[in-house]
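Trainee: query-v4.cif is reproduced below (mmCIF, C-alpha atoms).
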```cif
data_run
loop_
_atom_site.label_atom_id
_atom_site.label_comp_id
_atom_site.auth_asym_id
_atom_site.auth_seq_id
_atom_site.Cartn_x
_atom_site.Cartn_y
_atom_site.Cartn_z
CA MET A 1 0.00 0.00 0.00
CA THR A 2 1.35 3.44 -0.97
CA CYS A 3 1.32 6.29 1.53
CA ILE A 4 -0.67 9.24 0.12
CA PRO A 5 1.87 11.92 1.23
CA CYS A 6 4.54 9.94 -0.64
CA LEU A 7 2.81 10.46 -4.00
CA HIS A 8 4.74 13.50 -5.25
CA TYR A 9 3.54 13.19 -8.81
CA GLY A 10 0.29 13.83 -10.64
CA LEU A 11 -2.20 15.98 -8.78
CA MET A 12 -0.04 16.36 -5.68
CA ALA A 13 2.84 17.68 -7.78
CA LEU A 14 0.48 20.10 -9.51
CA GLU A 15 -0.82 21.32 -6.15
CA SER A 16 2.68 21.91 -4.82
CA LEU A 17 3.90 23.67 -7.97
CA ARG A 18 0.83 25.89 -8.38
CA LEU A 19 1.17 27.11 -4.79
CA GLU A 20 4.84 27.98 -5.31
CA LYS A 21 3.74 29.97 -8.37
CA GLY A 22 0.74 31.50 -6.60
CA TYR A 23 -1.85 30.14 -9.04
CA ARG A 24 -5.38 30.25 -7.63
CA ASP A 25 -7.85 27.35 -7.65
CA PHE A 26 -11.50 28.42 -7.61
CA GLY A 27 -13.42 26.58 -4.92
CA VAL A 28 -10.28 25.87 -2.90
CA ASP A 29 -8.29 29.10 -2.53
CA ILE A 30 -10.95 31.53 -3.68
CA ASP A 31 -14.72 31.45 -3.95
CA ASN A 32 -17.67 33.68 -4.78
CA THR A 33 -17.20 35.70 -1.57
CA ASP A 34 -13.80 37.01 -2.75
CA THR A 35 -13.51 39.86 -5.20
CA PRO A 36 -10.88 39.71 -7.95
CA LEU A 37 -9.00 42.51 -6.16
CA GLU A 38 -8.96 40.65 -2.83
CA ALA A 39 -7.85 37.46 -4.59
CA GLY A 40 -4.92 39.25 -6.26
CA LEU A 41 -6.58 38.87 -9.66
CA GLY A 42 -7.37 42.50 -10.40
CA PHE A 43 -5.37 42.25 -13.62
CA VAL A 44 -8.10 40.06 -15.15
CA ALA A 45 -10.80 42.74 -14.76
CA ASP A 46 -10.79 45.06 -17.79
CA PHE A 47 -12.44 48.23 -16.51
CA ASN A 48 -12.16 49.82 -19.98
CA LYS A 49 -14.14 47.05 -21.63
CA GLY A 50 -17.48 48.51 -20.64
CA ASP A 51 -20.10 47.51 -18.15
CA PHE A 52 -20.09 44.06 -16.57
CA VAL A 53 -21.84 42.50 -13.59
CA GLY A 54 -20.21 43.82 -10.43
CA ARG A 55 -18.20 46.56 -12.18
CA ALA A 56 -19.56 49.39 -10.00
CA ALA A 57 -18.83 47.53 -6.76
CA LEU A 58 -15.36 46.57 -7.97
CA MET A 59 -14.58 50.14 -9.03
CA LYS A 60 -15.72 51.39 -5.62
CA GLN A 61 -13.44 48.87 -3.91
CA LYS A 62 -10.53 49.77 -6.22
CA GLU A 63 -10.91 53.50 -5.57
CA GLY A 64 -11.41 52.98 -1.82
CA GLY A 65 -7.71 52.70 -1.01
CA ALA A 66 -5.95 49.76 0.59
CA LEU A 67 -8.03 46.58 0.69
CA ARG A 68 -9.17 45.23 4.07
CA ARG A 69 -8.89 41.59 2.91
CA ARG A 70 -6.16 40.06 0.76
CA LEU A 71 -5.15 36.62 -0.37
CA ILE A 72 -1.37 36.47 -0.07
CA THR A 73 1.32 33.88 -0.57
CA VAL A 74 3.29 32.59 2.38
CA LYS A 75 6.20 30.28 3.00
CA LEU A 76 7.35 28.89 6.31
CA ASN A 77 10.84 29.83 7.46
CA ASP A 78 11.30 26.32 8.91
CA PRO A 79 11.38 23.46 6.35
CA GLU A 80 10.04 20.86 8.83
CA PRO A 81 6.34 21.75 9.44
CA LEU A 82 3.77 20.98 6.77
CA LEU A 83 0.98 23.38 5.82
CA LEU A 84 -2.27 21.74 4.76
CA GLY A 85 -4.81 24.55 5.08
CA GLY A 86 -6.94 25.85 7.91
CA GLU A 87 -4.02 26.91 10.10
CA PRO A 88 -4.52 30.18 12.05
CA VAL A 89 -2.37 33.17 11.05
CA ILE A 90 -1.00 35.70 13.54
CA VAL A 91 0.25 39.01 12.13
CA ASN A 92 2.19 41.30 14.48
CA GLY A 93 0.85 39.33 17.45
CA VAL A 94 -2.82 39.62 16.39
CA SER A 95 -5.01 36.89 14.91
CA ALA A 96 -5.57 37.98 11.31
CA GLY A 97 -6.92 35.06 9.29
CA TYR A 98 -6.12 31.54 8.23
CA VAL A 99 -4.28 29.51 5.61
CA ARG A 100 -6.71 28.53 2.88
CA VAL A 101 -4.47 25.92 1.27
CA GLY A 102 -0.93 24.69 1.77
CA ALA A 103 1.54 22.05 0.62
CA PHE A 104 5.25 21.36 0.67
CA GLY A 105 6.98 23.29 -2.11
CA HIS A 106 9.80 21.09 -3.34
CA THR A 107 11.34 23.82 -5.49
CA LEU A 108 11.53 26.18 -2.50
CA GLY A 109 12.28 23.48 0.08
CA VAL A 110 9.59 24.66 2.54
CA SER A 111 5.83 24.58 2.96
CA VAL A 112 4.00 27.23 0.95
CA GLY A 113 0.42 28.34 0.94
CA LEU A 114 -2.18 30.97 0.26
CA LEU A 115 -3.75 32.74 3.18
CA MET A 116 -6.56 35.24 3.56
CA ILE A 117 -5.91 37.96 6.09
CA GLU A 118 -7.97 40.93 7.19
CA ARG A 119 -6.97 44.29 8.65
CA ASP A 120 -9.32 47.23 9.22
CA GLN A 121 -6.61 49.77 8.32
CA GLY A 122 -5.98 48.08 4.98
CA LEU A 123 -3.29 45.77 3.65
CA THR A 124 -0.57 47.44 1.64
CA ALA A 125 2.55 45.86 0.18
CA GLU A 126 4.57 47.80 2.74
CA PHE A 127 2.50 46.39 5.61
CA VAL A 128 2.95 42.84 4.34
CA ARG A 129 6.69 43.37 3.83
CA ASN A 130 7.27 44.89 7.29
CA SER A 131 5.01 42.66 9.39
CA THR A 132 5.79 39.57 11.43
CA PHE A 133 3.84 36.51 10.29
CA GLU A 134 3.39 33.39 12.39
CA ILE A 135 1.35 30.36 11.47
CA GLU A 136 0.09 27.94 14.07
CA VAL A 137 1.01 24.45 12.89
CA ASN A 138 0.20 21.62 15.30
CA ASP A 139 0.03 23.96 18.33
CA ARG A 140 3.38 25.52 17.45
CA HIS A 141 3.87 29.06 16.14
CA VAL A 142 6.11 28.93 13.06
CA MET A 143 7.63 32.10 11.62
CA ALA A 144 6.72 32.72 7.98
CA THR A 145 7.48 35.08 5.13
CA ALA A 146 4.53 36.62 3.30
CA SER A 147 4.33 38.30 -0.09
CA LEU A 148 1.79 39.74 -2.50
CA VAL A 149 3.68 38.10 -5.38
CA PRO A 150 4.61 34.42 -5.76
CA PHE A 151 7.92 33.21 -4.35
CA TYR A 152 8.73 31.18 -7.45
CA ASP A 153 9.20 33.11 -10.70
CA PRO A 154 7.27 36.23 -9.63
CA LYS A 155 7.66 37.91 -13.05
CA SER A 156 6.64 34.75 -14.96
CA GLU A 157 9.89 34.77 -16.93
CA ARG A 158 10.17 30.97 -16.84
CA VAL A 159 6.55 30.51 -17.94
CA ARG A 160 7.16 32.59 -21.06
CA ALA A 161 10.43 30.87 -21.96
#
```
Step by step, read the file and then write its structure as structure tokens.
Mentor:
Amino acid sequence: MTCIPCLHYGLMALESLRLEKGYRDFGVDIDNTDTPLEAGLGFVADFNKGDFVGRAALMKQKEGGALRRRLITVKLNDPEPLLLGGEPVIVNGVSAGYVRVGAFGHTLGVSVGLLMIERDQGLTAEFVRNSTFEIEVNDRHVMATASLVPFYDPKSERVRA
């Protein structure tokens, strides 16, 4: 009998690689309660195209300053713990959200994931860069690095090659 975590090919490989790249999976990482801006997918909304369902609400959110909710990428600083999803996230000592999905990223050598965090004052790139992130994995707080861009190939240079 083969151990499921040992199957690092097929769908498990795809899961690991897509998380390193920051690719979203509808129904897992994002759902119909997340706006494209909150999900980090604002680039897919063409505001010059004309009217579309939800355009007014999305424009209002876009013009409203820093978003209160953001889906961001995260990687653990310790290679040992494994993210699976559902782990609580502590930002600057305050509970701020949870990991939506996680897996071990073999290219990066650590667990990676996507997490949704909320902050009333808004979430800017500077805030994410300068904050302390901890993720509770098996009753242990593990330091993590967070980013608004993927950790692997953030400019998609390898994808275009």
Trainee: In file coordinates, which residues lie within 10 Å of (-0.7, 35.2, -8.0) using all atoms listed in the file, given as a ChimeraX atom specification?
Mentor: /A:18-24,39-41,71-73,114,147-151,154
Trainee: Let me see the file: selected residues, C-alpha atoms, as an mmCIF file, in the coordinates of the input.
Mentor:
```cif
data_model
loop_
_atom_site.group_PDB
_atom_site.id
_atom_site.type_symbol
_atom_site.label_atom_id
_atom_site.label_comp_id
_atom_site.auth_asym_id
_atom_site.auth_seq_id
_atom_site.Cartn_x
_atom_site.Cartn_y
_atom_site.Cartn_z
ATOM 1 C CA ARG A 18 0.830 25.890 -8.380
ATOM 2 C CA LEU A 19 1.170 27.110 -4.790
ATOM 3 C CA GLU A 20 4.840 27.980 -5.310
ATOM 4 C CA LYS A 21 3.740 29.970 -8.370
ATOM 5 C CA GLY A 22 0.740 31.500 -6.600
ATOM 6 C CA TYR A 23 -1.850 30.140 -9.040
ATOM 7 C CA ARG A 24 -5.380 30.250 -7.630
ATOM 8 C CA ALA A 39 -7.850 37.460 -4.590
ATOM 9 C CA GLY A 40 -4.920 39.250 -6.260
ATOM 10 C CA LEU A 41 -6.580 38.870 -9.660
ATOM 11 C CA LEU A 71 -5.150 36.620 -0.370
ATOM 12 C CA ILE A 72 -1.370 36.470 -0.070
ATOM 13 C CA THR A 73 1.320 33.880 -0.570
ATOM 14 C CA LEU A 114 -2.180 30.970 0.260
ATOM 15 C CA SER A 147 4.330 38.300 -0.090
ATOM 16 C CA LEU A 148 1.790 39.740 -2.500
ATOM 17 C CA VAL A 149 3.680 38.100 -5.380
ATOM 18 C CA PRO A 150 4.610 34.420 -5.760
ATOM 19 C CA PHE A 151 7.920 33.210 -4.350
ATOM 20 C CA PRO A 154 7.270 36.230 -9.630
#
```
Trainee: What is the CA of Gly109 in chain A-CA of Arg129 in chain A distance in Å, reported with one decimal?
Mentor: 21.0 Å
Trainee: Could you tell me which of A:Glu134, A:Glu126, A:Asp78, A:Asp139 comes closest to Val110 in chain A if we count all atoms listed in the file?
Mentor: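 Of A:Glu134, A:Glu126, A:Asp78, A:Asp139, the one nearest Val110 in chain A, counting all atoms listed in the file, is A:Asp78.
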Trainee: Can you tell me how far CA of Val101 in chain A sits from CA of Lys60 in chain A, in Å to one decimal?
Mentor: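 A separation of 28.7 Å between them.
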Trainee: Please, what distance in Å, to one decimal, runs between CA of Phe47 in chain A and CA of Met59 in chain A?
Mentor: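 Result for CA of Phe47 in chain A versus CA of Met59 in chain A: 8.0 Å, one decimal.
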Trainee: With distances taken over all atoms listed in the file, which residue among A:Lys62, A:Arg70, A:Lys49, A:Lys75 lies nearest Met116 in chain A?
Mentor: A:Arg70
Trainee: Name the residues that the PyMOL selection byres ((chain A and resi 106) around 12) picks from the file above, as a count of residues only, using the file's chain letters and numbers.
Mentor: 25
Trainee: Exactly which residues make up the result of the PyMOL selection byres ((chain A and resi 35) around 12) on this file, given as a list of chain:residue names?
Mentor: A:Phe26, A:Ile30, A:Asp31, A:Asn32, A:Thr33, A:Asp34, A:Pro36, A:Leu37, A:Glu38, A:Ala39, A:Gly40, A:Leu41, A:Gly42, A:Phe43, A:Val44, A:Ala45, A:Gly54, A:Arg55, A:Ala57, A:Leu58, A:Met59, A:Lys60, A:Gln61, A:Lys62, A:Leu67, A:Arg68, A:Arg69, A:Arg70, A:Leu71
Trainee: Counting all atoms listed in the file, which residue out of A:Gly65, A:Gly86, A:Gly27, A:Gly93 sits closest to His141 in chain A?
Mentor: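 With all atoms listed in the file as the atom set, the closest residue is A:Gly93.
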Trainee: Draw an axis-aligned box over all listed atoms of range 64-76 of chain A, pad each side with 8 Å, and write its centre and edge lengths in Å, one decimal, as AutoDock Vina command-line options.
Mentor:
```
--center_x -2.0 --center_y 40.9 --center_z 2.2 --size_x 34.8 --size_y 40.1 --size_z 24.1
```
Trainee: If the PyMOL selection byres ((chain A and resi 137) around 9) were run on this exact file, what residues would it hold? Put them as JSON, numbers by chain.
Mentor: {"A": [81, 82, 83, 87, 88, 135, 136, 138, 139, 140, 141, 142]}
Trainee: Keeping only C-alpha atoms, write the selected residues as a tab-separated table (two decimals), in the frame of the given file.
Mentor:
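Once everything was written out, this is part-v8.tsv:
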```tsv
chain	number	residue	atom	x	y	z
A	81	PRO	CA	6.34	21.75	9.44
A	82	LEU	CA	3.77	20.98	6.77
A	83	LEU	CA	0.98	23.38	5.82
A	87	GLU	CA	-4.02	26.91	10.10
A	88	PRO	CA	-4.52	30.18	12.05
A	135	ILE	CA	1.35	30.36	11.47
A	136	GLU	CA	0.09	27.94	14.07
A	138	ASN	CA	0.20	21.62	15.30
A	139	ASP	CA	0.03	23.96	18.33
A	140	ARG	CA	3.38	25.52	17.45
A	141	HIS	CA	3.87	29.06	16.14
A	142	VAL	CA	6.11	28.93	13.06
```
Trainee: Given only C-alpha atoms as the basis, pick out the residue of A:Ser95, A:Ile90, A:Met143, A:Ala66 nearest to Gln121 in chain A.
Mentor: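 Result for the nearest residue to Gln121 in chain A: A:Ala66.
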Trainee: Counting only C-alpha atoms, figure out which residue out of A:Phe127, A:Phe52, A:Phe133, A:Tyr98 gets nearest to Thr145 in chain A.
Mentor: A:Phe133
Trainee: Could you check the closest approach to Gly64 in chain A for each of A:Val28, A:Val99, A:Asp46, A:Gly122 and tell me which residue wins, using only C-alpha atoms?
Mentor: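 Among the listed residues, the smallest separation from Gly64 in chain A belongs to A:Gly122.
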Trainee: How would range 127-138 of chain A look with all heavy atoms restored, written as a tab-separated table (two decimals), in the frame of the given file?
Mentor:
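Result went into out-v4.tsv, see below:
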```tsv
chain	number	residue	atom	x	y	z
A	127	PHE	N	2.92	47.07	4.38
A	127	PHE	CA	2.50	46.39	5.61
A	127	PHE	C	2.88	44.92	5.56
A	127	PHE	O	3.41	44.39	6.55
A	127	PHE	CB	0.98	46.55	5.81
A	127	PHE	CG	0.48	45.77	6.98
A	127	PHE	CD1	0.60	46.26	8.27
A	127	PHE	CD2	-0.10	44.52	6.81
A	127	PHE	CE1	0.15	45.53	9.37
A	127	PHE	CE2	-0.55	43.78	7.89
A	127	PHE	CZ	-0.43	44.29	9.17
A	128	VAL	N	2.62	44.26	4.47
A	128	VAL	CA	2.95	42.84	4.34
A	128	VAL	C	4.45	42.63	4.46
A	128	VAL	O	4.92	41.73	5.16
A	128	VAL	CB	2.41	42.26	3.01
A	128	VAL	CG1	2.91	40.83	2.78
A	128	VAL	CG2	0.88	42.30	3.00
A	129	ARG	N	5.22	43.48	3.82
A	129	ARG	CA	6.69	43.37	3.83
A	129	ARG	C	7.26	43.58	5.23
A	129	ARG	O	8.22	42.92	5.62
A	129	ARG	CB	7.25	44.40	2.85
A	129	ARG	CG	8.55	44.07	2.24
A	129	ARG	CD	9.05	45.06	1.19
A	129	ARG	NE	8.47	46.38	1.18
A	129	ARG	CZ	7.53	46.81	0.31
A	129	ARG	NH1	7.07	45.97	-0.61
A	129	ARG	NH2	7.07	48.03	0.35
A	130	ASN	N	6.70	44.51	6.00
A	130	ASN	CA	7.27	44.89	7.29
A	130	ASN	C	6.63	44.22	8.50
A	130	ASN	O	6.97	44.53	9.63
A	130	ASN	CB	7.19	46.41	7.46
A	130	ASN	CG	8.01	47.14	6.42
A	130	ASN	OD1	9.07	46.67	6.03
A	130	ASN	ND2	7.53	48.26	5.96
A	131	SER	N	5.71	43.31	8.29
A	131	SER	CA	5.01	42.66	9.39
A	131	SER	C	5.63	41.32	9.74
A	131	SER	O	6.33	40.69	8.93
A	131	SER	CB	3.54	42.46	9.03
A	131	SER	OG	2.89	43.70	8.93
A	132	THR	N	5.36	40.87	10.96
A	132	THR	CA	5.79	39.57	11.43
A	132	THR	C	4.64	38.59	11.28
A	132	THR	O	3.56	38.82	11.82
A	132	THR	CB	6.20	39.65	12.92
A	132	THR	OG1	7.25	40.62	13.05
A	132	THR	CG2	6.68	38.30	13.42
A	133	PHE	N	4.86	37.53	10.53
A	133	PHE	CA	3.84	36.51	10.29
A	133	PHE	C	4.22	35.23	11.02
A	133	PHE	O	5.35	34.76	10.92
A	133	PHE	CB	3.71	36.21	8.78
A	133	PHE	CG	2.98	37.26	8.02
A	133	PHE	CD1	3.59	38.45	7.68
A	133	PHE	CD2	1.65	37.06	7.66
A	133	PHE	CE1	2.91	39.42	6.97
A	133	PHE	CE2	0.96	38.03	6.96
A	133	PHE	CZ	1.58	39.21	6.61
A	134	GLU	N	3.25	34.68	11.74
A	134	GLU	CA	3.39	33.39	12.39
A	134	GLU	C	2.19	32.55	12.00
A	134	GLU	O	1.07	33.06	11.90
A	134	GLU	CB	3.40	33.53	13.91
A	134	GLU	CG	4.52	34.37	14.46
A	134	GLU	CD	4.32	34.60	15.95
A	134	GLU	OE1	4.58	33.66	16.73
A	134	GLU	OE2	3.89	35.71	16.30
A	135	ILE	N	2.43	31.28	11.79
A	135	ILE	CA	1.35	30.36	11.47
A	135	ILE	C	1.36	29.25	12.51
A	135	ILE	O	2.41	28.68	12.80
A	135	ILE	CB	1.49	29.80	10.04
A	135	ILE	CG1	1.45	30.96	9.05
A	135	ILE	CG2	0.39	28.79	9.76
A	135	ILE	CD1	1.66	30.58	7.63
A	136	GLU	N	0.20	28.98	13.06
A	136	GLU	CA	0.09	27.94	14.07
A	136	GLU	C	-0.06	26.58	13.39
A	136	GLU	O	-1.07	26.30	12.77
A	136	GLU	CB	-1.11	28.20	14.98
A	136	GLU	CG	-1.16	27.26	16.16
A	136	GLU	CD	-2.31	27.57	17.09
A	136	GLU	OE1	-2.62	28.76	17.30
A	136	GLU	OE2	-2.90	26.60	17.60
A	137	VAL	N	1.00	25.79	13.49
A	137	VAL	CA	1.01	24.45	12.89
A	137	VAL	C	1.18	23.46	14.02
A	137	VAL	O	2.20	23.46	14.72
A	137	VAL	CB	2.17	24.30	11.87
A	137	VAL	CG1	2.14	22.93	11.23
A	137	VAL	CG2	2.14	25.40	10.83
A	138	ASN	N	0.17	22.63	14.23
A	138	ASN	CA	0.20	21.62	15.30
A	138	ASN	C	0.56	22.23	16.65
A	138	ASN	O	1.48	21.77	17.33
A	138	ASN	CB	1.18	20.49	14.95
A	138	ASN	CG	0.77	19.75	13.71
A	138	ASN	OD1	-0.41	19.61	13.42
A	138	ASN	ND2	1.75	19.28	12.95
```
